[in-house]
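Trainee: I am sharing coords_4.pdb, which consists of PDB, C-alpha atoms, pLDDT in the B column:
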ATOM      1  CA  VAL A1054      43.676 -86.667  12.416  1.00 95.00           C
ATOM      2  CA  SER A1055      44.380 -84.024   9.773  1.00 94.00           C
ATOM      3  CA  ASN A1056      41.932 -85.769   7.456  1.00 95.00           C
ATOM      4  CA  GLY A1057      39.057 -85.897   9.914  1.00 95.00           C
ATOM      5  CA  VAL A1058      39.499 -89.090  11.932  1.00 96.00           C
ATOM      6  CA  LYS A1059      37.463 -88.694  15.139  1.00 96.00           C
ATOM      7  CA  THR A1060      39.107 -91.388  17.289  1.00 97.00           C
ATOM      8  CA  ILE A1061      42.547 -92.892  17.656  1.00 96.00           C
ATOM      9  CA  GLU A1062      42.547 -96.279  19.347  1.00 95.00           C
ATOM     10  CA  HIS A1063      45.541 -97.250  21.494  1.00 94.00           C
ATOM     11  CA  GLY A1064      47.655 -94.222  20.545  1.00 95.00           C
ATOM     12  CA  THR A1065      50.550 -95.574  22.552  1.00 94.00           C
ATOM     13  CA  LEU A1066      53.206 -93.862  20.461  1.00 95.00           C
ATOM     14  CA  ILE A1067      51.485 -90.520  19.851  1.00 95.00           C
ATOM     15  CA  GLU A1068      53.742 -87.533  20.072  1.00 95.00           C
ATOM     16  CA  LYS A1069      53.121 -83.992  21.254  1.00 96.00           C
ATOM     17  CA  ARG A1070      52.429 -82.672  17.725  1.00 96.00           C
ATOM     18  CA  THR A1071      49.717 -85.312  17.283  1.00 97.00           C
ATOM     19  CA  MET A1072      48.238 -84.424  20.668  1.00 97.00           C
ATOM     20  CA  GLU A1073      48.123 -80.776  19.619  1.00 97.00           C
ATOM     21  CA  LEU A1074      46.326 -81.722  16.422  1.00 97.00           C
ATOM     22  CA  MET A1075      43.885 -83.963  18.317  1.00 98.00           C
ATOM     23  CA  LYS A1076      43.000 -81.047  20.591  1.00 97.00           C
ATOM     24  CA  GLU A1077      42.609 -78.698  17.627  1.00 97.00           C
ATOM     25  CA  LYS A1078      40.472 -81.105  15.572  1.00 97.00           C
ATOM     26  CA  GLU A1079      38.559 -82.574  18.549  1.00 96.00           C
ATOM     27  CA  ALA A1080      39.813 -86.079  17.819  1.00 97.00           C
ATOM     28  CA  TYR A1081      39.502 -88.423  20.772  1.00 98.00           C
ATOM     29  CA  LEU A1082      42.018 -90.854  22.227  1.00 98.00           C
ATOM     30  CA  VAL A1083      40.541 -94.251  23.079  1.00 97.00           C
ATOM     31  CA  ALA A1084      43.536 -95.608  24.940  1.00 95.00           C
ATOM     32  CA  THR A1085      42.360 -99.189  25.564  1.00 94.00           C
ATOM     33  CA  ILE A1086      44.719 -99.489  28.526  1.00 95.00           C
ATOM     34  CA  SER A1087      43.148-102.833  29.454  1.00 94.00           C
ATOM     35  CA  ALA A1088      44.167-104.370  26.153  1.00 93.00           C
ATOM     36  CA  GLY A1089      47.731-103.121  26.405  1.00 93.00           C
ATOM     37  CA  LYS A1090      48.190-104.381  29.933  1.00 93.00           C
ATOM     38  CA  PHE A1091      46.655-107.774  29.163  1.00 93.00           C
ATOM     39  CA  VAL A1092      48.696-108.335  26.002  1.00 93.00           C
ATOM     40  CA  ALA A1093      51.914-107.326  27.793  1.00 94.00           C
ATOM     41  CA  GLU A1094      51.230-109.818  30.597  1.00 94.00           C
ATOM     42  CA  GLN A1095      50.286-112.602  28.184  1.00 94.00           C
ATOM     43  CA  ALA A1096      53.435-111.979  26.147  1.00 95.00           C
ATOM     44  CA  LYS A1097      55.530-112.930  29.193  1.00 95.00           C
ATOM     45  CA  LYS A1098      54.026-116.431  29.131  1.00 96.00           C
ATOM     46  CA  PRO A1099      55.970-118.874  26.962  1.00 95.00           C
ATOM     47  CA  GLY A1100      54.081-119.754  23.793  1.00 95.00           C
ATOM     48  CA  ALA A1101      51.257-117.242  24.274  1.00 93.00           C
ATOM     49  CA  TYR A1102      52.248-115.349  21.114  1.00 94.00           C
ATOM     50  CA  PRO A1103      54.662-115.955  18.250  1.00 95.00           C
ATOM     51  CA  ALA A1104      58.205-115.006  19.304  1.00 95.00           C
ATOM     52  CA  VAL A1105      58.360-112.139  16.807  1.00 96.00           C
ATOM     53  CA  ILE A1106      55.416-110.408  18.564  1.00 93.00           C
ATOM     54  CA  VAL A1107      56.581-110.784  22.171  1.00 96.00           C
ATOM     55  CA  PRO A1108      59.090-107.888  22.447  1.00 95.00           C
ATOM     56  CA  LYS A1109      56.695-105.354  20.912  1.00 93.00           C
ATOM     57  CA  ALA A1110      53.738-106.561  23.006  1.00 93.00           C
ATOM     58  CA  ILE A1111      55.736-106.221  26.211  1.00 94.00           C
ATOM     59  CA  ALA A1112      57.171-102.796  25.316  1.00 93.00           C
ATOM     60  CA  ILE A1113      53.947-101.258  24.011  1.00 91.00           C
ATOM     61  CA  GLY A1114      51.762-102.723  26.744  1.00 88.00           C
ATOM     62  CA  ALA A1115      53.985-101.241  29.421  1.00 86.00           C
ATOM     63  CA  GLN A1116      53.730 -97.788  27.809  1.00 94.00           C
ATOM     64  CA  ILE A1117      50.011 -97.491  27.150  1.00 94.00           C
ATOM     65  CA  GLN A1118      48.884 -96.160  30.545  1.00 95.00           C
ATOM     66  CA  GLU A1119      51.734 -93.643  30.668  1.00 95.00           C
ATOM     67  CA  THR A1120      50.832 -92.322  27.215  1.00 96.00           C
ATOM     68  CA  PHE A1121      47.195 -92.038  28.286  1.00 97.00           C
ATOM     69  CA  SER A1122      48.267 -90.023  31.317  1.00 97.00           C
ATOM     70  CA  LYS A1123      50.370 -87.656  29.196  1.00 97.00           C
ATOM     71  CA  ALA A1124      47.556 -87.180  26.691  1.00 98.00           C
ATOM     72  CA  TYR A1125      44.993 -86.517  29.422  1.00 98.00           C
ATOM     73  CA  LYS A1126      47.252 -83.983  31.146  1.00 97.00           C
ATOM     74  CA  TYR A1127      47.911 -82.336  27.769  1.00 97.00           C
ATOM     75  CA  GLY A1128      44.179 -81.877  27.226  1.00 98.00           C
ATOM     76  CA  VAL A1129      43.557 -84.428  24.484  1.00 98.00           C
ATOM     77  CA  PRO A1130      39.843 -85.362  24.363  1.00 98.00           C
ATOM     78  CA  ILE A1131      39.333 -88.835  25.817  1.00 98.00           C
ATOM     79  CA  ALA A1132      36.687 -91.444  24.973  1.00 98.00           C
ATOM     80  CA  PHE A1133      36.191 -94.819  26.614  1.00 97.00           C
ATOM     81  CA  GLY A1134      37.015 -98.154  25.000  1.00 94.00           C
ATOM     82  CA  THR A1135      38.614-101.431  25.929  1.00 89.00           C
ATOM     83  CA  ASP A1136      39.419-103.401  22.763  1.00 85.00           C
ATOM     84  CA  ALA A1137      37.871-106.301  24.654  1.00 78.00           C
ATOM     85  CA  GLY A1138      38.501-108.749  21.840  1.00 80.00           C
ATOM     86  CA  VAL A1139      42.013-109.440  23.132  1.00 82.00           C
ATOM     87  CA  PHE A1140      41.131-110.304  26.743  1.00 83.00           C
ATOM     88  CA  PRO A1141      38.300-112.166  28.489  1.00 80.00           C
ATOM     89  CA  HIS A1142      34.946-110.444  28.386  1.00 82.00           C
ATOM     90  CA  GLY A1143      33.698-109.434  31.789  1.00 82.00           C
ATOM     91  CA  GLU A1144      36.963-107.678  32.640  1.00 88.00           C
ATOM     92  CA  ASN A1145      36.122-104.558  30.608  1.00 91.00           C
ATOM     93  CA  ALA A1146      35.445-102.446  33.700  1.00 94.00           C
ATOM     94  CA  LYS A1147      39.111-102.529  34.644  1.00 95.00           C
ATOM     95  CA  GLU A1148      39.478 -99.740  32.088  1.00 96.00           C
ATOM     96  CA  PHE A1149      37.714 -97.372  34.514  1.00 97.00           C
ATOM     97  CA  VAL A1150      40.306 -98.186  37.166  1.00 97.00           C
ATOM     98  CA  TYR A1151      43.264 -97.858  34.796  1.00 97.00           C
ATOM     99  CA  MET A1152      42.079 -94.505  33.448  1.00 97.00           C
ATOM    100  CA  ASN A1153      41.646 -93.230  36.994  1.00 98.00           C
ATOM    101  CA  GLU A1154      45.111 -94.510  37.915  1.00 97.00           C
ATOM    102  CA  GLY A1155      46.356 -92.589  34.871  1.00 97.00           C
ATOM    103  CA  GLY A1156      45.197 -89.321  36.407  1.00 97.00           C
ATOM    104  CA  MET A1157      41.635 -88.874  35.128  1.00 98.00           C
ATOM    105  CA  PRO A1158      39.097 -88.170  37.889  1.00 98.00           C
ATOM    106  CA  VAL A1159      36.400 -90.857  38.210  1.00 98.00           C
ATOM    107  CA  SER A1160      33.673 -88.382  37.238  1.00 98.00           C
ATOM    108  CA  GLU A1161      35.428 -87.735  33.916  1.00 98.00           C
ATOM    109  CA  VAL A1162      36.117 -91.434  33.364  1.00 98.00           C
ATOM    110  CA  LEU A1163      32.390 -92.140  33.786  1.00 97.00           C
ATOM    111  CA  GLN A1164      31.503 -89.339  31.386  1.00 97.00           C
ATOM    112  CA  SER A1165      33.991 -90.691  28.836  1.00 97.00           C
ATOM    113  CA  ALA A1166      32.012 -93.944  28.772  1.00 96.00           C
ATOM    114  CA  THR A1167      28.594 -92.302  28.665  1.00 96.00           C
ATOM    115  CA  LEU A1168      28.170 -88.705  27.521  1.00 96.00           C
ATOM    116  CA  VAL A1169      31.344 -88.559  25.446  1.00 97.00           C
ATOM    117  CA  ASN A1170      30.767 -91.830  23.628  1.00 97.00           C
ATOM    118  CA  ALA A1171      27.128 -90.924  22.976  1.00 96.00           C
ATOM    119  CA  LYS A1172      28.325 -87.672  21.403  1.00 96.00           C
ATOM    120  CA  LEU A1173      30.892 -89.489  19.254  1.00 95.00           C
ATOM    121  CA  LEU A1174      28.169 -91.794  17.971  1.00 94.00           C
ATOM    122  CA  ASP A1175      25.853 -88.844  17.259  1.00 96.00           C
ATOM    123  CA  LYS A1176      23.417 -90.396  19.751  1.00 95.00           C
ATOM    124  CA  GLU A1177      23.600 -87.784  22.507  1.00 95.00           C
ATOM    125  CA  ASN A1178      19.802 -87.426  22.351  1.00 95.00           C
ATOM    126  CA  GLN A1179      19.279 -91.143  23.012  1.00 94.00           C
ATOM    127  CA  LEU A1180      22.229 -92.428  25.042  1.00 93.00           C
ATOM    128  CA  GLY A1181      24.637 -91.500  27.778  1.00 93.00           C
ATOM    129  CA  GLN A1182      22.231 -90.160  30.400  1.00 93.00           C
ATOM    130  CA  ILE A1183      19.528 -91.410  32.706  1.00 91.00           C
ATOM    131  CA  LYS A1184      16.840 -89.163  31.353  1.00 91.00           C
ATOM    132  CA  GLU A1185      13.234 -89.407  30.184  1.00 92.00           C
ATOM    133  CA  GLY A1186      13.073 -90.434  26.542  1.00 91.00           C
ATOM    134  CA  PHE A1187      16.572 -91.944  26.525  1.00 91.00           C
ATOM    135  CA  LEU A1188      17.287 -95.652  26.158  1.00 89.00           C
ATOM    136  CA  ALA A1189      17.249 -97.212  29.612  1.00 82.00           C
ATOM    137  CA  ASP A1190      20.730 -98.751  29.543  1.00 89.00           C
ATOM    138  CA  ILE A1191      21.895 -98.718  33.152  1.00 93.00           C
ATOM    139  CA  VAL A1192      24.442-100.493  35.297  1.00 94.00           C
ATOM    140  CA  ALA A1193      24.714-100.130  39.056  1.00 96.00           C
ATOM    141  CA  THR A1194      27.073-101.166  41.826  1.00 97.00           C
ATOM    142  CA  GLU A1195      26.834-101.456  45.601  1.00 96.00           C
ATOM    143  CA  GLU A1196      29.144 -98.501  46.256  1.00 97.00           C
ATOM    144  CA  ASN A1197      29.510 -95.000  44.891  1.00 97.00           C
ATOM    145  CA  ALA A1198      32.062 -95.169  42.074  1.00 97.00           C
ATOM    146  CA  LEU A1199      33.135 -91.600  42.819  1.00 97.00           C
ATOM    147  CA  GLU A1200      34.362 -92.852  46.185  1.00 97.00           C
ATOM    148  CA  ASN A1201      35.629 -96.271  45.062  1.00 98.00           C
ATOM    149  CA  VAL A1202      36.311 -96.713  41.355  1.00 98.00           C
ATOM    150  CA  ASN A1203      36.970-100.434  41.889  1.00 97.00           C
ATOM    151  CA  THR A1204      33.263-100.971  42.556  1.00 97.00           C
ATOM    152  CA  LEU A1205      32.731-100.673  38.794  1.00 96.00           C
ATOM    153  CA  THR A1206      34.327-104.101  38.414  1.00 95.00           C
ATOM    154  CA  GLU A1207      31.505-105.585  40.517  1.00 95.00           C
ATOM    155  CA  VAL A1208      28.289-104.646  38.720  1.00 95.00           C
ATOM    156  CA  THR A1209      25.175-105.809  40.581  1.00 96.00           C
ATOM    157  CA  PHE A1210      22.455-104.449  38.282  1.00 97.00           C
ATOM    158  CA  VAL A1211      22.149-104.339  34.500  1.00 95.00           C
ATOM    159  CA  MET A1212      19.274-102.873  32.487  1.00 94.00           C
ATOM    160  CA  LYS A1213      19.336-102.752  28.686  1.00 92.00           C
ATOM    161  CA  ASN A1214      16.634-100.799  26.886  1.00 88.00           C
ATOM    162  CA  GLY A1215      14.431-100.983  29.964  1.00 89.00           C
ATOM    163  CA  VAL A1216      14.783-104.758  30.440  1.00 94.00           C
ATOM    164  CA  ILE A1217      16.529-105.941  33.612  1.00 96.00           C
ATOM    165  CA  TYR A1218      19.145-108.621  32.890  1.00 96.00           C
ATOM    166  CA  LYS A1219      20.889-108.716  36.274  1.00 96.00           C
ATOM    167  CA  ASN A1220      19.682-107.704  39.710  1.00 96.00           C
ATOM    168  CA  ASN A1221      21.732-109.011  42.628  1.00 91.00           C
TER     169      ASN A1221
END
Would it be possible to restate this file's structure as structure tokens?
Mentor:
Amino acid sequence: VSNGVKTIEHGTLIEKRTMELMKEKEAYLVATISAGKFVAEQAKKPGAYPAVIVPKAIAIGAQIQETFSKAYKYGVPIAFGTDAGVFPHGENAKEFVYMNEGGMPVSEVLQSATLVNAKLLDKENQLGQIKEGFLADIVATEENALENVNTLTEVTFVMKNGVIYKNN
């Protein structure tokens, strides 16, 4: 963080001094709670991982959401990410639920995945908003996510760059 890193992925073991530095330097935590939870659960299954990995996977996975909550409450900037390579694709939206469970209001969780990530990618003039001139990348659900965050796990409409890929 001192040397200019803009994101820290996982961050499960970050301490208060690192959180202070992240706030000062505007470095974002991408907690990837989904990955931690999935790996911790898998590690409890015999043979899922080499024995040497199991204790750490269980311990770290159990901590990840709590660390996210502490960082959020401390004021660390938060960006959205899932590290989806370690669990089945299609379950990525659980991250919205886990971040909300960790104390972040749904409106901020949604912004972390849209406006914040667009800013981090230096694409805030192309992505992250439904706005004229922006890429038309849109997902929709049957319910209002602000009222039921779990609806984000049941996407019924997907548009990518103006092309509809799913419309239930």
Trainee: Expanded to explicit residues, what is the PyMOL selection byres ((chain A and resi 1088-1103) around 9) for this file, as an NGL selection string?
Mentor: :A and (1063 or 1065 or 1084-1087 or 1104-1118 or 1135-1140 or 1148)
Trainee: I'd like the contact shell of range 1186-1192 of chain A - 6 Å cut-off, all atoms listed in the file, skipping same-chain residues fewer than 3 positions apart - returned as a list of chain:residue names.
Mentor: A:Gln1179, A:Leu1180, A:Phe1210, A:Val1211, A:Met1212, A:Lys1213, A:Asn1214, A:Gly1215
Trainee: Quick one, how far is CA of Glu1185 in chain A from CA of Gly1134 in chain A?
Mentor: 25.9 Å
Trainee: Using only C-alpha atoms for the distances, tell me which of A:Lys1076, A:Thr1120, A:Asn1178, A:Val1150 is nearest to Gly1064 in chain A.
Mentor: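 Looking at the shortest contact to Gly1064 in chain A, the residue is A:Thr1120.
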Trainee: Using the chain letters and numbers from the file, give me the residues hit by the PyMOL selection byres ((chain A and resi 1157) around 12), as a VMD selection string.
Mentor: chain A and resid 1118 1121 to 1133 1148 to 1156 1158 to 1165 1199 1202
Trainee: For Asn1056 in chain A, work out the shell of residues within 12 Å, counting all atoms listed in the file and skipping chain neighbours fewer than 2 positions away, then give it as a short mmCIF file (atom, residue, chain, number, x, y, z; two decimals) with C-alpha atoms, in the frame of the given file.
Mentor:
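Written file, part.cif:
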data_model
loop_
_atom_site.label_atom_id
_atom_site.label_comp_id
_atom_site.auth_asym_id
_atom_site.auth_seq_id
_atom_site.Cartn_x
_atom_site.Cartn_y
_atom_site.Cartn_z
CA VAL A 1054 43.68 -86.67 12.42
CA VAL A 1058 39.50 -89.09 11.93
CA LYS A 1059 37.46 -88.69 15.14
CA THR A 1060 39.11 -91.39 17.29
CA LEU A 1074 46.33 -81.72 16.42
CA MET A 1075 43.88 -83.96 18.32
CA LYS A 1078 40.47 -81.10 15.57
CA ALA A 1080 39.81 -86.08 17.82
#
Trainee: Just give me the gap between CA of Ile1061 in chain A and CA of Ala1171 in chain A in Å, one decimal is fine.
Mentor: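 CA of Ala1171 in chain A lies at a distance of 16.4 Å from CA of Ile1061 in chain A.
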Trainee: CA of Ala1198 in chain A to CA of Ile1067 in chain A: how many Å, to one decimal?
Mentor: 29.9 Å
Trainee: Please define a box with edges along x, y and z of the file around all atoms of range 1198-1206 of chain A given in the file, extend it by 4 Å on each side, and return its centre and edge lengths in Å to one decimal, as AutoDock Vina command-line options.
Mentor:
--center_x 34.5 --center_y -97.9 --center_z 42.3 --size_x 12.9 --size_y 20.5 --size_z 15.8
